[in-house]
Amino acid sequence: MSDLTSALDFFLQYLIVERRFAENTIEAYHSDISFFFDFLRPKKIKTISTIQPSHLQAFFIDCHRRGIKTRSNSRRLAALRTFFSFAVERGLIKADPLTHINAPKIGQTLPKTLSIAEVDALLFLPEKTSPLLLRNHAMLHLLYATGIRVSELVNLPVSSCNLGSCHVRILGKGSKERMVPFNEITREKIEDYLQRARPFILKGRPSPTLFVSNRGKAMGRARFWQIIKGWALAAGIKKKVSPHMLRHSFATHLLAGGADLRAVQMMLGHADISTTQIYTHVDASRLKSVHQRFHPRG
């Protein structure tokens, strides 16, 4: 069980069955650890028991030489720490080769957001509509109204969207459930989509998914990424808009308006409140910019 491929498969099964990680998280672990194993194979390293600290040091030096960003290297190191800790616990190796290797230092990158005016422009519906435009418009409204992840949006079941009480029930990372409210305008957009667009797109086919593709199935994350980029371009927004930028904007605008940090944490589905606190730094940086611009001694 100590060869590289078998050990990785064993680890991924542990993440799925025991840790109940989300599919996207498991894919990220798989990618990061496989990237390291690909580095090892030309060196004739075939089992995890023969991996030495020197191999890991050489790997990260190689990553740095190739211009891979510090944040990516830090993420790969975190994935490898989890993997080797698991390997020690399950008796696949006797000692953790990462024990004395420190994480690369990274600066805190503030999330990019849209202004309220830019959000208004993004959520504007063109006069000429179609079933697909109504679907995309409803998705954009729900994404900004709730701050849910794009993977949660595209896979949202019809049964998880309660139009009566205006909330969605989300099964997020680690299979943790949370309830996120949305506003009356978003409810109207979803109702409009359900009445005028979804039946036309489905053409009589059944689907448990709220937002469906032309195939009658859930839309892929990459496809929605393309949609939001095209929509932003049509709205005249020059920023590189992504689904996650709307999630960032949701949190930043709530906190700027006086929302409680704990409430925003719950709506975003963050396990640690320190993850949510970065949005307070975004608002603080905006205030500093205003101060420097308008204060006589700024």
# chains A, B, ... in the order shown; residues from 1 in each chain; ligands from 1

$ select_by_dssp --residues "stretch 50-244 of chain A" --states "strand (DSSP E)" --output "PyMOL selection string"
chain A and resi 161-162+167-171+177-181

$ write_last_selection --atoms "N, CA and C atoms" --output "compact mmCIF listing (two decimals), in the first residue's frame"
# COMPACT_ATOMS: atom_id res chain seq x y z
N CYS A 161 -34.68 25.69 -2.43
CA CYS A 161 -34.98 27.11 -2.58
C CYS A 161 -36.42 27.36 -2.14
N ASN A 162 -36.57 28.03 -1.02
CA ASN A 162 -37.89 28.30 -0.45
C ASN A 162 -38.31 29.73 -0.81
N HIS A 167 -35.43 31.96 1.35
CA HIS A 167 -34.13 31.48 1.79
C HIS A 167 -33.74 30.25 0.99
N VAL A 168 -32.44 29.98 0.96
CA VAL A 168 -31.94 28.75 0.35
C VAL A 168 -31.27 27.91 1.43
N ARG A 169 -31.41 26.61 1.30
CA ARG A 169 -30.74 25.67 2.22
C ARG A 169 -29.54 25.10 1.49
N ILE A 170 -28.36 25.36 2.01
CA ILE A 170 -27.12 24.99 1.33
C ILE A 170 -26.41 23.88 2.10
N LEU A 171 -26.01 22.86 1.38
CA LEU A 171 -25.16 21.81 1.94
C LEU A 171 -23.75 22.11 1.48
N GLU A 177 -24.70 22.09 6.78
CA GLU A 177 -25.88 22.76 6.24
C GLU A 177 -26.02 24.16 6.83
N ARG A 178 -26.43 25.09 5.98
CA ARG A 178 -26.71 26.45 6.45
C ARG A 178 -27.90 27.02 5.68
N MET A 179 -28.58 27.96 6.28
CA MET A 179 -29.72 28.63 5.66
C MET A 179 -29.31 30.07 5.37
N VAL A 180 -29.52 30.49 4.12
CA VAL A 180 -29.13 31.84 3.73
C VAL A 180 -30.35 32.55 3.15
N PRO A 181 -30.70 33.72 3.70
CA PRO A 181 -31.87 34.45 3.19
C PRO A 181 -31.54 35.22 1.92

$ residues_around --residues "A:His248" --least-positions-apart "4" --cutoff "8 Å" --atoms "only C-alpha atoms" --output "list in words"
Pro111, Lys112, Thr113, Gly147, His244, Thr252 and Tyr279 of chain A

$ closest_residue --among "A:Glu27, A:Gly269, A:Ala263, A:Arg65" --to "A:Lys176" --atoms "only C-alpha atoms"
A:Gly269

$ atom_distance --atom1 "atom CA of A:Ser6" --atom2 "atom CA of A:Thr47"
9.3 Å

$ residues_around --residues "stretch 70-84 of chain A" --least-positions-apart "5" --cutoff "12 Å" --atoms "only C-alpha atoms" --output "number ranges by chain"
A: 2, 4, 7-15, 19, 25-37, 48-49, 51-53, 56-57, 59-65, 89-109

$ select_by_dssp --residues "stretch 84-274 of chain A" --states "alpha helix (DSSP H)" --output "short mmCIF file (atom, residue, chain, number, x, y, z; two decimals) with N, CA and C atoms, in the first residue's frame"
data_model
loop_
_atom_site.label_atom_id
_atom_site.label_comp_id
_atom_site.auth_asym_id
_atom_site.auth_seq_id
_atom_site.Cartn_x
_atom_site.Cartn_y
_atom_site.Cartn_z
N PHE A 84 0.86 13.45 4.65
CA PHE A 84 1.89 12.73 5.40
C PHE A 84 1.45 12.46 6.85
N SER A 85 0.67 13.35 7.42
CA SER A 85 0.12 13.11 8.75
C SER A 85 -0.78 11.88 8.73
N PHE A 86 -1.59 11.78 7.68
CA PHE A 86 -2.45 10.61 7.49
C PHE A 86 -1.60 9.34 7.32
N ALA A 87 -0.52 9.44 6.54
CA ALA A 87 0.33 8.28 6.27
C ALA A 87 1.00 7.77 7.55
N VAL A 88 1.41 8.70 8.43
CA VAL A 88 2.01 8.29 9.71
C VAL A 88 0.96 7.63 10.59
N GLU A 89 -0.21 8.24 10.65
CA GLU A 89 -1.29 7.71 11.48
C GLU A 89 -1.72 6.32 11.06
N ILE A 116 -21.05 49.00 -5.46
CA ILE A 116 -22.50 48.83 -5.53
C ILE A 116 -23.02 49.27 -6.90
N ALA A 117 -22.43 50.33 -7.45
CA ALA A 117 -22.83 50.78 -8.78
C ALA A 117 -22.52 49.72 -9.84
N GLU A 118 -21.40 49.05 -9.71
CA GLU A 118 -21.03 48.00 -10.66
C GLU A 118 -21.95 46.80 -10.53
N VAL A 119 -22.35 46.48 -9.30
CA VAL A 119 -23.30 45.39 -9.09
C VAL A 119 -24.64 45.73 -9.75
N ASP A 120 -25.07 46.98 -9.57
CA ASP A 120 -26.32 47.42 -10.20
C ASP A 120 -26.26 47.26 -11.71
N ALA A 121 -25.12 47.62 -12.30
CA ALA A 121 -24.95 47.49 -13.74
C ALA A 121 -24.94 46.02 -14.16
N LEU A 122 -24.31 45.18 -13.34
CA LEU A 122 -24.24 43.75 -13.66
C LEU A 122 -25.60 43.09 -13.59
N PRO A 131 -35.20 32.69 -22.65
CA PRO A 131 -35.20 31.80 -21.48
C PRO A 131 -33.82 31.70 -20.82
N LEU A 132 -32.77 31.63 -21.63
CA LEU A 132 -31.43 31.51 -21.06
C LEU A 132 -31.00 32.79 -20.36
N LEU A 133 -31.38 33.94 -20.91
CA LEU A 133 -31.06 35.21 -20.26
C LEU A 133 -31.79 35.35 -18.93
N LEU A 134 -33.04 34.91 -18.89
CA LEU A 134 -33.80 34.96 -17.64
C LEU A 134 -33.16 34.04 -16.60
N ARG A 135 -32.70 32.89 -17.04
CA ARG A 135 -32.00 31.97 -16.13
C ARG A 135 -30.73 32.61 -15.59
N ASN A 136 -29.90 33.15 -16.50
CA ASN A 136 -28.63 33.76 -16.08
C ASN A 136 -28.86 34.95 -15.15
N HIS A 137 -29.89 35.73 -15.45
CA HIS A 137 -30.21 36.90 -14.62
C HIS A 137 -30.61 36.47 -13.21
N ALA A 138 -31.43 35.44 -13.11
CA ALA A 138 -31.85 34.93 -11.80
C ALA A 138 -30.65 34.37 -11.02
N MET A 139 -29.74 33.71 -11.72
CA MET A 139 -28.55 33.15 -11.07
C MET A 139 -27.66 34.27 -10.52
N LEU A 140 -27.48 35.33 -11.29
CA LEU A 140 -26.66 36.45 -10.83
C LEU A 140 -27.28 37.11 -9.60
N HIS A 141 -28.59 37.30 -9.65
CA HIS A 141 -29.27 37.90 -8.51
C HIS A 141 -29.11 37.03 -7.25
N LEU A 142 -29.29 35.73 -7.40
CA LEU A 142 -29.19 34.85 -6.24
C LEU A 142 -27.76 34.78 -5.71
N LEU A 143 -26.80 34.81 -6.62
CA LEU A 143 -25.40 34.74 -6.21
C LEU A 143 -25.02 35.96 -5.37
N TYR A 144 -25.43 37.15 -5.81
CA TYR A 144 -25.10 38.35 -5.05
C TYR A 144 -25.95 38.48 -3.78
N ALA A 145 -27.20 38.01 -3.84
CA ALA A 145 -28.10 38.14 -2.68
C ALA A 145 -27.70 37.21 -1.54
N THR A 146 -27.02 36.11 -1.84
CA THR A 146 -26.72 35.11 -0.81
C THR A 146 -25.23 34.90 -0.57
N VAL A 150 -20.04 29.27 -6.19
CA VAL A 150 -20.56 28.97 -7.52
C VAL A 150 -20.92 27.49 -7.63
N SER A 151 -20.17 26.61 -6.97
CA SER A 151 -20.49 25.18 -7.00
C SER A 151 -21.82 24.91 -6.31
N GLU A 152 -22.12 25.69 -5.26
CA GLU A 152 -23.40 25.56 -4.56
C GLU A 152 -24.54 26.10 -5.42
N LEU A 153 -24.26 27.15 -6.17
CA LEU A 153 -25.28 27.75 -7.02
C LEU A 153 -25.69 26.82 -8.15
N VAL A 154 -24.72 26.31 -8.89
CA VAL A 154 -25.05 25.52 -10.09
C VAL A 154 -25.66 24.16 -9.72
N GLU A 184 -36.59 40.21 -1.66
CA GLU A 184 -37.82 40.08 -2.44
C GLU A 184 -37.55 40.20 -3.94
N ILE A 185 -36.63 41.07 -4.32
CA ILE A 185 -36.32 41.22 -5.75
C ILE A 185 -35.78 39.91 -6.32
N THR A 186 -34.91 39.26 -5.56
CA THR A 186 -34.35 37.97 -6.01
C THR A 186 -35.45 36.93 -6.12
N ARG A 187 -36.38 36.94 -5.17
CA ARG A 187 -37.51 36.01 -5.24
C ARG A 187 -38.28 36.21 -6.54
N GLU A 188 -38.52 37.46 -6.91
CA GLU A 188 -39.25 37.75 -8.14
C GLU A 188 -38.50 37.26 -9.38
N LYS A 189 -37.17 37.42 -9.38
CA LYS A 189 -36.37 36.98 -10.52
C LYS A 189 -36.41 35.46 -10.66
N ILE A 190 -36.36 34.76 -9.52
CA ILE A 190 -36.40 33.29 -9.57
C ILE A 190 -37.77 32.81 -10.01
N GLU A 191 -38.82 33.45 -9.51
CA GLU A 191 -40.18 33.09 -9.92
C GLU A 191 -40.37 33.31 -11.42
N ASP A 192 -39.85 34.42 -11.92
CA ASP A 192 -39.96 34.73 -13.34
C ASP A 192 -39.26 33.65 -14.17
N TYR A 193 -38.07 33.25 -13.71
CA TYR A 193 -37.33 32.18 -14.39
C TYR A 193 -38.11 30.86 -14.35
N LEU A 194 -38.67 30.52 -13.19
CA LEU A 194 -39.41 29.26 -13.04
C LEU A 194 -40.64 29.22 -13.93
N GLN A 195 -41.29 30.35 -14.10
CA GLN A 195 -42.53 30.40 -14.87
C GLN A 195 -42.30 30.53 -16.37
N ARG A 196 -41.34 31.37 -16.76
CA ARG A 196 -41.19 31.71 -18.16
C ARG A 196 -40.00 31.07 -18.87
N ARG A 198 -37.61 28.12 -17.25
CA ARG A 198 -37.20 26.76 -16.93
C ARG A 198 -37.99 25.71 -17.70
N PRO A 199 -39.33 25.80 -17.80
CA PRO A 199 -40.08 24.79 -18.57
C PRO A 199 -39.66 24.75 -20.04
N PHE A 200 -39.37 25.92 -20.62
CA PHE A 200 -38.94 25.98 -22.01
C PHE A 200 -37.58 25.31 -22.19
N ILE A 201 -36.66 25.55 -21.24
CA ILE A 201 -35.32 24.95 -21.33
C ILE A 201 -35.39 23.44 -21.16
N LEU A 202 -36.21 22.97 -20.23
CA LEU A 202 -36.31 21.54 -19.95
C LEU A 202 -37.05 20.76 -21.05
N ARG A 221 -19.42 24.64 -13.50
CA ARG A 221 -18.87 25.88 -12.93
C ARG A 221 -18.17 26.71 -14.00
N ALA A 222 -17.43 26.04 -14.88
CA ALA A 222 -16.70 26.75 -15.92
C ALA A 222 -17.66 27.48 -16.87
N ARG A 223 -18.80 26.85 -17.15
CA ARG A 223 -19.77 27.48 -18.04
C ARG A 223 -20.35 28.74 -17.40
N PHE A 224 -20.66 28.67 -16.10
CA PHE A 224 -21.20 29.87 -15.46
C PHE A 224 -20.15 30.96 -15.38
N TRP A 225 -18.89 30.58 -15.23
CA TRP A 225 -17.79 31.54 -15.23
C TRP A 225 -17.80 32.31 -16.56
N GLN A 226 -17.99 31.59 -17.67
CA GLN A 226 -18.05 32.23 -18.98
C GLN A 226 -19.24 33.18 -19.07
N ILE A 227 -20.36 32.75 -18.53
CA ILE A 227 -21.58 33.56 -18.58
C ILE A 227 -21.39 34.88 -17.84
N ILE A 228 -20.83 34.82 -16.65
CA ILE A 228 -20.69 36.03 -15.84
C ILE A 228 -19.66 36.98 -16.46
N LYS A 229 -18.63 36.43 -17.09
CA LYS A 229 -17.65 37.28 -17.77
C LYS A 229 -18.30 38.00 -18.94
N GLY A 230 -19.11 37.28 -19.72
CA GLY A 230 -19.79 37.89 -20.85
C GLY A 230 -20.81 38.93 -20.41
N TRP A 231 -21.49 38.64 -19.32
CA TRP A 231 -22.51 39.57 -18.80
C TRP A 231 -21.85 40.85 -18.32
N ALA A 232 -20.68 40.71 -17.64
CA ALA A 232 -19.95 41.88 -17.14
C ALA A 232 -19.43 42.73 -18.30
N LEU A 233 -18.97 42.07 -19.33
CA LEU A 233 -18.47 42.78 -20.52
C LEU A 233 -19.60 43.59 -21.16
N ALA A 234 -20.77 42.98 -21.27
CA ALA A 234 -21.93 43.67 -21.85
C ALA A 234 -22.38 44.84 -20.98
N PRO A 243 -17.39 34.63 -10.53
CA PRO A 243 -18.43 34.31 -9.55
C PRO A 243 -17.99 34.59 -8.11
N HIS A 244 -16.72 34.33 -7.82
CA HIS A 244 -16.24 34.53 -6.45
C HIS A 244 -16.18 36.02 -6.10
N MET A 245 -16.03 36.87 -7.12
CA MET A 245 -16.02 38.31 -6.86
C MET A 245 -17.38 38.78 -6.34
N LEU A 246 -18.45 38.15 -6.82
CA LEU A 246 -19.78 38.50 -6.31
C LEU A 246 -19.93 38.02 -4.86
N ARG A 247 -19.34 36.88 -4.53
CA ARG A 247 -19.35 36.39 -3.15
C ARG A 247 -18.58 37.37 -2.25
N HIS A 248 -17.42 37.82 -2.73
CA HIS A 248 -16.64 38.82 -1.98
C HIS A 248 -17.44 40.10 -1.80
N SER A 249 -18.12 40.52 -2.87
CA SER A 249 -18.89 41.77 -2.83
C SER A 249 -20.05 41.66 -1.85
N PHE A 250 -20.71 40.52 -1.85
CA PHE A 250 -21.80 40.25 -0.91
C PHE A 250 -21.34 40.48 0.52
N ALA A 251 -20.21 39.87 0.90
CA ALA A 251 -19.72 39.98 2.27
C ALA A 251 -19.25 41.39 2.59
N THR A 252 -18.52 42.00 1.67
CA THR A 252 -17.99 43.34 1.90
C THR A 252 -19.10 44.37 2.05
N HIS A 253 -20.11 44.29 1.19
CA HIS A 253 -21.20 45.25 1.24
C HIS A 253 -22.05 45.07 2.51
N LEU A 254 -22.22 43.84 2.96
CA LEU A 254 -22.96 43.61 4.20
C LEU A 254 -22.24 44.23 5.39
N LEU A 255 -20.93 43.96 5.48
CA LEU A 255 -20.16 44.48 6.61
C LEU A 255 -20.04 46.00 6.56
N ALA A 256 -19.91 46.56 5.36
CA ALA A 256 -19.85 48.01 5.22
C ALA A 256 -21.16 48.66 5.65
N LEU A 261 -20.50 40.46 12.11
CA LEU A 261 -19.48 39.59 11.51
C LEU A 261 -19.86 38.12 11.64
N ARG A 262 -20.41 37.73 12.77
CA ARG A 262 -20.80 36.33 12.98
C ARG A 262 -21.91 35.92 12.02
N ALA A 263 -22.85 36.82 11.78
CA ALA A 263 -23.95 36.52 10.87
C ALA A 263 -23.42 36.32 9.45
N VAL A 264 -22.47 37.17 9.04
CA VAL A 264 -21.88 37.03 7.71
C VAL A 264 -21.10 35.72 7.62
N GLN A 265 -20.39 35.36 8.69
CA GLN A 265 -19.67 34.09 8.73
C GLN A 265 -20.61 32.91 8.50
N MET A 266 -21.75 32.94 9.16
CA MET A 266 -22.73 31.85 9.02
C MET A 266 -23.28 31.78 7.59
N MET A 267 -23.57 32.94 7.01
CA MET A 267 -24.13 32.96 5.66
C MET A 267 -23.12 32.48 4.62
N LEU A 268 -21.84 32.83 4.83
CA LEU A 268 -20.80 32.39 3.89
C LEU A 268 -20.43 30.93 4.09
N ILE A 273 -13.96 32.15 11.85
CA ILE A 273 -14.33 33.55 11.67
C ILE A 273 -13.17 34.40 11.15
N SER A 274 -11.93 33.92 11.32
CA SER A 274 -10.78 34.67 10.81
C SER A 274 -10.82 34.75 9.28
#

$ atom_distance --atom1 "atom CA of A:Thr209" --atom2 "atom CA of A:Pro126"
25.2 Å

$ atom_distance --atom1 "atom CA of A:Lys128" --atom2 "atom CA of A:Gly236"
17.4 Å

$ closest_residue --among "A:Glu18, A:Thr50, A:Val158, A:Pro42" --to "A:Phe211" --atoms "only C-alpha atoms"
A:Val158

$ residues_around --residues "A:Arg20" --least-positions-apart "4" --cutoff "7 Å" --atoms "only C-alpha atoms" --output "list in words"
Leu15, Ile16, Gly174 and Ser175 of chain A

$ write_last_selection --atoms "C-alpha atoms" --output "mmCIF file, in the first residue's frame"
data_model
loop_
_atom_site.group_PDB
_atom_site.id
_atom_site.type_symbol
_atom_site.label_atom_id
_atom_site.label_comp_id
_atom_site.auth_asym_id
_atom_site.auth_seq_id
_atom_site.Cartn_x
_atom_site.Cartn_y
_atom_site.Cartn_z
ATOM 1 C CA LEU A 15 -11.141 12.274 2.671
ATOM 2 C CA ILE A 16 -14.348 11.074 1.011
ATOM 3 C CA GLY A 174 -17.839 19.166 4.971
ATOM 4 C CA SER A 175 -21.562 18.471 4.415
#

$ decode --residues "stretch 98-154 of chain A" --atoms "C-alpha atoms" --output "mmCIF file, in the first residue's frame"
data_model
loop_
_atom_site.group_PDB
_atom_site.id
_atom_site.type_symbol
_atom_site.label_atom_id
_atom_site.label_comp_id
_atom_site.auth_asym_id
_atom_site.auth_seq_id
_atom_site.Cartn_x
_atom_site.Cartn_y
_atom_site.Cartn_z
ATOM 1 C CA LEU A 98 7.706 17.531 6.443
ATOM 2 C CA THR A 99 8.319 17.945 10.180
ATOM 3 C CA HIS A 100 11.071 20.539 9.830
ATOM 4 C CA ILE A 101 9.906 22.277 6.658
ATOM 5 C CA ASN A 102 8.227 25.647 7.150
ATOM 6 C CA ALA A 103 5.481 27.128 5.036
ATOM 7 C CA PRO A 104 6.521 29.880 2.616
ATOM 8 C CA LYS A 105 5.535 33.299 3.896
ATOM 9 C CA ILE A 106 2.745 34.954 1.918
ATOM 10 C CA GLY A 107 1.244 38.381 2.200
ATOM 11 C CA GLN A 108 -2.465 38.738 2.734
ATOM 12 C CA THR A 109 -4.178 39.467 -0.562
ATOM 13 C CA LEU A 110 -7.412 41.376 -0.126
ATOM 14 C CA PRO A 111 -10.307 39.985 -2.153
ATOM 15 C CA LYS A 112 -11.343 41.968 -5.214
ATOM 16 C CA THR A 113 -14.874 43.308 -5.107
ATOM 17 C CA LEU A 114 -17.368 45.237 -7.196
ATOM 18 C CA SER A 115 -18.764 48.591 -6.148
ATOM 19 C CA ILE A 116 -22.500 48.831 -5.530
ATOM 20 C CA ALA A 117 -22.832 50.784 -8.783
ATOM 21 C CA GLU A 118 -21.028 48.002 -10.659
ATOM 22 C CA VAL A 119 -23.303 45.388 -9.093
ATOM 23 C CA ASP A 120 -26.324 47.419 -10.196
ATOM 24 C CA ALA A 121 -24.946 47.493 -13.743
ATOM 25 C CA LEU A 122 -24.237 43.754 -13.656
ATOM 26 C CA LEU A 123 -27.748 42.905 -12.477
ATOM 27 C CA PHE A 124 -29.431 44.969 -15.193
ATOM 28 C CA LEU A 125 -31.594 42.828 -17.504
ATOM 29 C CA PRO A 126 -31.493 43.702 -21.236
ATOM 30 C CA GLU A 127 -34.771 44.574 -22.925
ATOM 31 C CA LYS A 128 -34.541 41.635 -25.311
ATOM 32 C CA THR A 129 -34.794 38.553 -23.166
ATOM 33 C CA SER A 130 -34.740 34.816 -23.755
ATOM 34 C CA PRO A 131 -35.198 31.798 -21.479
ATOM 35 C CA LEU A 132 -31.430 31.509 -21.059
ATOM 36 C CA LEU A 133 -31.058 35.208 -20.262
ATOM 37 C CA LEU A 134 -33.800 34.957 -17.643
ATOM 38 C CA ARG A 135 -32.000 31.969 -16.127
ATOM 39 C CA ASN A 136 -28.633 33.764 -16.082
ATOM 40 C CA HIS A 137 -30.214 36.902 -14.621
ATOM 41 C CA ALA A 138 -31.846 34.930 -11.798
ATOM 42 C CA MET A 139 -28.548 33.154 -11.074
ATOM 43 C CA LEU A 140 -26.663 36.447 -10.834
ATOM 44 C CA HIS A 141 -29.274 37.896 -8.505
ATOM 45 C CA LEU A 142 -29.190 34.851 -6.236
ATOM 46 C CA LEU A 143 -25.396 34.744 -6.208
ATOM 47 C CA TYR A 144 -25.102 38.355 -5.046
ATOM 48 C CA ALA A 145 -28.100 38.136 -2.684
ATOM 49 C CA THR A 146 -26.719 35.111 -0.814
ATOM 50 C CA GLY A 147 -22.962 35.012 -1.376
ATOM 51 C CA ILE A 148 -23.081 31.256 -1.966
ATOM 52 C CA ARG A 149 -20.224 29.516 -3.770
ATOM 53 C CA VAL A 150 -20.558 28.971 -7.521
ATOM 54 C CA SER A 151 -20.489 25.176 -7.003
ATOM 55 C CA GLU A 152 -23.397 25.556 -4.563
ATOM 56 C CA LEU A 153 -25.284 27.754 -7.020
ATOM 57 C CA VAL A 154 -25.049 25.515 -10.085
#
